[in-house]
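**Student:** Sharing upload-v8.pdb here; it has PDB, C-alpha atoms.
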ATOM      1  CA  LEU X   1     -60.379  81.168  78.419
ATOM      2  CA  ILE X   2     -60.494  84.932  77.836
ATOM      3  CA  GLY X   3     -58.217  85.162  74.795
ATOM      4  CA  TYR X   4     -54.565  84.965  73.756
ATOM      5  CA  ARG X   5     -51.412  87.044  74.167
ATOM      6  CA  ILE X   6     -49.292  87.146  71.007
ATOM      7  CA  SER X   7     -45.615  88.158  70.944
ATOM      8  CA  ILE X   8     -42.915  87.962  68.284
ATOM      9  CA  LEU X   9     -39.145  87.657  68.578
ATOM     10  CA  LEU X  10     -37.744  90.316  66.249
ATOM     11  CA  ASP X  11     -34.086  90.429  67.265
ATOM     12  CA  GLN X  12     -32.389  87.351  68.693
ATOM     13  CA  GLN X  13     -28.912  88.938  68.542
ATOM     14  CA  HIS X  14     -29.678  92.134  70.502
ATOM     15  CA  ASN X  15     -27.054  93.272  73.075
ATOM     16  CA  ASP X  16     -29.541  92.882  75.938
ATOM     17  CA  GLY X  17     -30.634  89.383  74.891
ATOM     18  CA  PRO X  18     -33.634  88.329  72.791
ATOM     19  CA  GLN X  19     -36.092  91.148  72.103
ATOM     20  CA  TRP X  20     -39.699  89.940  72.347
ATOM     21  CA  HIS X  21     -42.362  92.429  71.265
ATOM     22  CA  THR X  22     -45.981  92.030  72.313
ATOM     23  CA  VAL X  23     -48.151  92.277  69.221
ATOM     24  CA  CYS X  24     -51.452  91.829  71.054
ATOM     25  CA  GLU X  25     -51.821  91.874  74.851
ATOM     26  CA  LEU X  26     -55.186  90.114  74.758
ATOM     27  CA  THR X  27     -57.166  89.034  71.722
ATOM     28  CA  LYS X  28     -60.879  89.818  71.795
ATOM     29  CA  SER X  29     -61.903  86.304  70.807
ATOM     30  CA  SER X  30     -60.966  82.735  71.642
ATOM     31  CA  THR X  31     -60.628  81.963  67.886
ATOM     32  CA  PRO X  32     -58.500  84.874  66.683
ATOM     33  CA  SER X  33     -56.939  85.448  63.327
ATOM     34  CA  PHE X  34     -54.013  87.823  63.517
ATOM     35  CA  VAL X  35     -51.797  89.500  60.908
ATOM     36  CA  VAL X  36     -48.317  90.713  61.814
ATOM     37  CA  THR X  37     -47.108  93.458  59.468
ATOM     38  CA  ASN X  38     -43.783  95.136  58.638
ATOM     39  CA  LEU X  39     -41.718  91.961  58.741
ATOM     40  CA  VAL X  40     -38.604  91.527  56.605
ATOM     41  CA  GLY X  41     -38.839  89.133  53.649
ATOM     42  CA  ASN X  42     -36.931  85.840  53.723
ATOM     43  CA  THR X  43     -36.469  86.029  57.504
ATOM     44  CA  ALA X  44     -37.184  83.512  60.300
ATOM     45  CA  TYR X  45     -39.152  84.649  63.364
ATOM     46  CA  LEU X  46     -40.568  83.047  66.505
ATOM     47  CA  VAL X  47     -44.157  83.790  67.452
ATOM     48  CA  ASP X  48     -45.095  83.217  71.086
ATOM     49  CA  ILE X  49     -48.745  82.442  71.875
ATOM     50  CA  GLN X  50     -50.103  82.220  75.418
ATOM     51  CA  ALA X  51     -53.651  81.341  76.413
ATOM     52  CA  VAL X  52     -55.034  83.840  78.951
ATOM     53  CA  ASN X  53     -57.726  83.077  81.545
ATOM     54  CA  LYS X  54     -58.902  84.787  84.759
ATOM     55  CA  VAL X  55     -55.755  83.654  86.575
ATOM     56  CA  GLY X  56     -53.415  85.063  83.913
ATOM     57  CA  PRO X  57     -51.348  83.857  80.945
ATOM     58  CA  GLY X  58     -50.466  80.180  80.576
ATOM     59  CA  ASP X  59     -47.340  78.499  79.280
ATOM     60  CA  ALA X  60     -45.905  79.855  76.069
ATOM     61  CA  CYS X  61     -46.193  77.996  72.780
ATOM     62  CA  GLU X  62     -43.450  79.124  70.392
ATOM     63  CA  VAL X  63     -44.208  78.765  66.687
ATOM     64  CA  PRO X  64     -41.427  79.313  64.110
ATOM     65  CA  ILE X  65     -42.457  81.225  60.989
ATOM     66  CA  THR X  66     -40.493  82.308  57.934
ATOM     67  CA  THR X  67     -41.511  85.110  55.650
ATOM     68  CA  ALA X  68     -41.537  84.512  51.905
ATOM     69  CA  PRO X  69     -38.532  85.357  49.731
ATOM     70  CA  CYS X  70     -38.527  88.839  48.263
ATOM     71  CA  GLY X  71     -36.708  90.896  45.680
ATOM     72  CA  PRO X  72     -32.950  91.294  46.176
ATOM     73  CA  ASP X  73     -31.138  94.254  47.688
ATOM     74  CA  PRO X  74     -29.719  96.759  45.190
ATOM     75  CA  PRO X  75     -26.303  95.963  43.677
ATOM     76  CA  SER X  76     -23.280  98.082  44.562
ATOM     77  CA  LYS X  77     -22.785 101.548  43.135
ATOM     78  CA  PRO X  78     -21.488 101.001  39.584
ATOM     79  CA  TRP X  79     -18.290 102.553  38.270
ATOM     80  CA  VAL X  80     -16.579 102.952  34.902
ATOM     81  CA  GLU X  81     -13.853 100.315  34.788
ATOM     82  CA  GLU X  82     -12.478 101.274  31.370
ATOM     83  CA  SER X  83     -13.061 103.706  28.513
ATOM     84  CA  ARG X  84     -11.973 103.083  24.922
ATOM     85  CA  ASP X  85     -13.146 103.281  21.318
ATOM     86  CA  ASP X  86     -16.099 105.551  22.210
ATOM     87  CA  CYS X  87     -17.393 102.935  24.663
ATOM     88  CA  LEU X  88     -17.477 102.583  28.458
ATOM     89  CA  ASN X  89     -17.079  99.413  30.500
ATOM     90  CA  VAL X  90     -19.443  99.706  33.486
ATOM     91  CA  ALA X  91     -18.778  97.410  36.472
ATOM     92  CA  TRP X  92     -20.592  96.558  39.745
ATOM     93  CA  TYR X  93     -20.741  93.994  42.545
ATOM     94  CA  PRO X  94     -23.754  91.826  43.417
ATOM     95  CA  PRO X  95     -26.168  92.840  46.190
ATOM     96  CA  PRO X  96     -25.467  91.904  49.819
ATOM     97  CA  SER X  97     -28.706  89.852  49.927
ATOM     98  CA  ASP X  98     -30.445  87.963  47.126
ATOM     99  CA  GLY X  99     -33.784  88.084  48.993
ATOM    100  CA  GLY X 100     -34.054  84.286  49.231
ATOM    101  CA  PHE X 101     -33.909  83.440  45.529
ATOM    102  CA  PRO X 102     -30.724  83.548  43.433
ATOM    103  CA  VAL X 103     -30.216  86.656  41.315
ATOM    104  CA  LYS X 104     -30.788  85.653  37.687
ATOM    105  CA  THR X 105     -29.969  88.867  35.822
ATOM    106  CA  TYR X 106     -28.838  92.437  36.233
ATOM    107  CA  ARG X 107     -30.491  95.283  34.326
ATOM    108  CA  LEU X 108     -28.308  98.267  33.418
ATOM    109  CA  LYS X 109     -29.733 101.738  32.825
ATOM    110  CA  MET X 110     -27.810 104.719  31.483
ATOM    111  CA  ARG X 111     -28.668 108.340  32.203
ATOM    112  CA  LYS X 112     -27.268 110.919  29.841
ATOM    113  CA  ILE X 113     -27.459 114.701  29.770
ATOM    114  CA  LEU X 114     -26.490 116.166  26.418
ATOM    115  CA  GLY X 115     -24.450 119.351  26.638
ATOM    116  CA  ALA X 116     -23.110 118.655  30.138
ATOM    117  CA  SER X 117     -19.352 118.612  30.604
ATOM    118  CA  ALA X 118     -17.014 118.331  33.567
ATOM    119  CA  SER X 119     -15.713 121.877  33.040
ATOM    120  CA  THR X 120     -19.147 123.569  32.853
ATOM    121  CA  TRP X 121     -21.219 121.492  35.263
ATOM    122  CA  ASN X 122     -22.232 122.817  38.658
ATOM    123  CA  LYS X 123     -25.444 122.953  40.716
ATOM    124  CA  TRP X 124     -26.559 126.309  39.370
ATOM    125  CA  MET X 125     -25.447 126.393  35.732
ATOM    126  CA  GLY X 126     -25.460 123.980  32.834
ATOM    127  CA  PRO X 127     -27.976 121.292  31.881
ATOM    128  CA  LYS X 128     -30.181 120.160  34.767
ATOM    129  CA  ASP X 129     -31.512 116.735  35.754
ATOM    130  CA  SER X 130     -34.778 117.589  33.988
ATOM    131  CA  LYS X 131     -32.818 117.272  30.726
ATOM    132  CA  ALA X 132     -31.689 113.746  31.596
ATOM    133  CA  ILE X 133     -32.586 110.900  29.253
ATOM    134  CA  TRP X 134     -32.780 107.382  30.719
ATOM    135  CA  ILE X 135     -31.942 104.479  28.414
ATOM    136  CA  ASP X 136     -32.347 100.786  29.238
ATOM    137  CA  MET X 137     -29.052  99.210  28.176
ATOM    138  CA  GLY X 138     -30.128  95.559  28.529
ATOM    139  CA  THR X 139     -29.376  92.741  30.931
ATOM    140  CA  VAL X 140     -26.372  90.734  32.082
ATOM    141  CA  ALA X 141     -26.810  87.136  33.274
ATOM    142  CA  ALA X 142     -25.773  86.408  36.866
ATOM    143  CA  SER X 143     -23.288  83.678  37.681
ATOM    144  CA  GLU X 144     -24.815  80.409  38.899
ATOM    145  CA  LYS X 145     -21.911  80.181  41.386
ATOM    146  CA  GLU X 146     -22.735  83.588  42.922
ATOM    147  CA  GLN X 147     -23.302  82.150  46.422
ATOM    148  CA  ASP X 148     -19.880  80.472  46.480
ATOM    149  CA  GLU X 149     -17.794  83.005  44.564
ATOM    150  CA  PRO X 150     -19.146  86.569  44.510
ATOM    151  CA  SER X 151     -18.327  88.094  41.158
ATOM    152  CA  MET X 152     -17.700  91.487  39.700
ATOM    153  CA  TYR X 153     -19.993  92.096  36.750
ATOM    154  CA  ASN X 154     -19.469  94.417  33.807
ATOM    155  CA  ALA X 155     -21.016  95.495  30.536
ATOM    156  CA  TRP X 156     -19.740  97.534  27.616
ATOM    157  CA  VAL X 157     -21.968 100.423  26.508
ATOM    158  CA  GLY X 158     -21.624 102.606  23.477
ATOM    159  CA  PRO X 159     -21.046 104.160  21.084
ATOM    160  CA  LEU X 160     -20.954 107.407  23.035
ATOM    161  CA  GLU X 161     -22.234 110.784  21.821
ATOM    162  CA  LYS X 162     -19.850 112.860  19.693
ATOM    163  CA  THR X 163     -20.964 116.061  21.489
ATOM    164  CA  THR X 164     -20.360 116.845  25.161
ATOM    165  CA  CYS X 165     -22.458 114.615  27.379
ATOM    166  CA  GLU X 166     -22.664 113.426  30.982
ATOM    167  CA  TYR X 167     -23.231 109.699  31.573
ATOM    168  CA  ARG X 168     -24.299 107.999  34.793
ATOM    169  CA  PHE X 169     -25.309 104.402  35.349
ATOM    170  CA  GLN X 170     -27.677 102.480  37.626
ATOM    171  CA  VAL X 171     -28.008  98.713  38.078
ATOM    172  CA  PHE X 172     -30.995  96.598  39.178
ATOM    173  CA  ALA X 173     -30.849  92.959  40.350
ATOM    174  CA  LEU X 174     -33.660  90.563  39.379
ATOM    175  CA  ASN X 175     -34.665  87.268  40.957
ATOM    176  CA  LYS X 176     -37.786  85.075  40.872
ATOM    177  CA  ALA X 177     -39.517  87.269  43.487
ATOM    178  CA  GLY X 178     -38.920  90.580  41.727
ATOM    179  CA  GLU X 179     -36.553  93.426  41.006
ATOM    180  CA  SER X 180     -34.400  95.341  43.462
ATOM    181  CA  GLU X 181     -34.456  99.067  43.864
ATOM    182  CA  GLY X 182     -31.852 100.743  41.711
ATOM    183  CA  SER X 183     -28.264 100.983  42.873
ATOM    184  CA  GLU X 184     -26.795 104.366  43.685
ATOM    185  CA  LEU X 185     -25.988 106.314  40.553
ATOM    186  CA  SER X 186     -22.400 106.004  39.351
ATOM    187  CA  GLU X 187     -20.132 109.011  39.401
ATOM    188  CA  PRO X 188     -20.497 111.093  36.229
ATOM    189  CA  GLU X 189     -18.443 110.262  33.172
ATOM    190  CA  TYR X 190     -18.068 112.970  30.500
ATOM    191  CA  THR X 191     -17.348 112.998  26.792
TER     192      THR X 191
END
Let's see the structure in the file written out as structure tokens.
**Tutor:**
Amino acid sequence: LIGYRISILLDQQHNDGPQWHTVCELTKSSTPSFVVTNLVGNTAYLVDIQAVNKVGPGDACEVPITTAPCGPDPPSKPWVEESRDDCLNVAWYPPPSDGGFPVKTYRLKMRKILGASASTWNKWMGPKDSKAIWIDMGTVAASEKEQDEPSMYNAWVGPLEKTTCEYRFQVFALNKAGESEGSELSEPEYT
């Protein structure tokens, strides 16, 4: 025995058939320990191990592995569903993947820029992003039936500023493994 050849099946659904990638052509020891990096969380893979001797590689031994669950994908881009009584109703859809654990809550953040208005805002004039203030608006519980019936979520925020102000929103999904990256920012809403 000279060592082992290690391959991993990364894409079973590829157009040209299964895509095996050789991770190590020949280990330097007959008792190797090997780490495969850059895998996707909550995903099943097949690892193929072949003993190699002077004649060449032997029969393959396929070992199924599954990576641990991870934080969810970001929720959809939020939007303002309704505006009334100096308050905004912000809505969003759940993420396409929960990362392997159900989403428990959504965290809503609001970005506001005082003095910005729809009529004066452009890239070169008016208040800039450096003037933005981020405010954590709290959390919204996720539906326990999310897997069966995807929901639209919403939260009322307010009261709004009496002076001109630009508002944008971002949503984060949280599960047992962690927090998603933030959603895309909503389109601006002005008062």
**Student:** Between X:Leu39, X:Gly158, X:Ser83, X:Glu181, which residue has the minimum interatomic distance to Asp11 (chain X), considering only C-alpha atoms?
**Tutor:** X:Leu39
**Student:** Please measure the separation of CA of Lys162 (chain X) and CA of Val140 (chain X), giving the value in Å to one decimal.
**Tutor:**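 Computed distance, CA of Lys162 (chain X) to CA of Val140 (chain X), equals 26.2 Å.
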**Student:** What is the distance between CA of Gly58 (chain X) and CA of Val40 (chain X), in Å to one decimal?
**Tutor:**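 For CA of Gly58 (chain X) relative to CA of Val40 (chain X), the distance reads 29.1 Å.
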**Student:** Write out as JSON, numbers by chain each polymer residue whose atoms come within 8 Å of region 27-34 of chain X, counting all atoms listed in the file; drop sequence neighbours fewer than 5 positions from it.
**Tutor:** {"X": [1, 2, 3, 4, 5]}
**Student:** If you apply the PyMOL selection byres ((chain X and resi 104) around 8) to this file, what residues do you get, as a ChimeraX atom specification?
**Tutor:** /X:102-103,105-106,141-143,173-176
**Student:** Would you compute the distance between CA of Trp79 (chain X) and CA of Ala132 (chain X)? Give it in Å to one decimal.
**Tutor:**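 Rounded to one decimal, the two atoms are 18.7 Å apart.
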**Student:** Looking at X:Ala118, X:Val47, X:Cys165, X:Leu108, which one is nearest to Thr139 (chain X), with distances taken over only C-alpha atoms?
**Tutor:**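 With only C-alpha atoms as the atom set, the closest residue is X:Leu108.
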**Student:** With distances taken over all atoms listed in the file, which of X:Ala91, X:Ile49, X:Ala177, X:Leu185 is nearest to Trp134 (chain X)?
**Tutor:**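 Of X:Ala91, X:Ile49, X:Ala177, X:Leu185, the one nearest Trp134 (chain X) is X:Leu185, counting all atoms listed in the file.
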**Student:** Hey, which of X:Val23, X:Val63, X:Leu114, X:Cys87 ends up closest to Leu46 (chain X)? Count all atoms listed in the file.
**Tutor:** X:Val63
**Student:** Using the chain letters and numbers from this file, what does the PyMOL selection byres ((chain X and resi 157) around 7) select? Give the answer as a list in words.
**Tutor:** Cys87, Leu88, Asn89, Ala155, Trp156, Gly158 and Pro159 of chain X
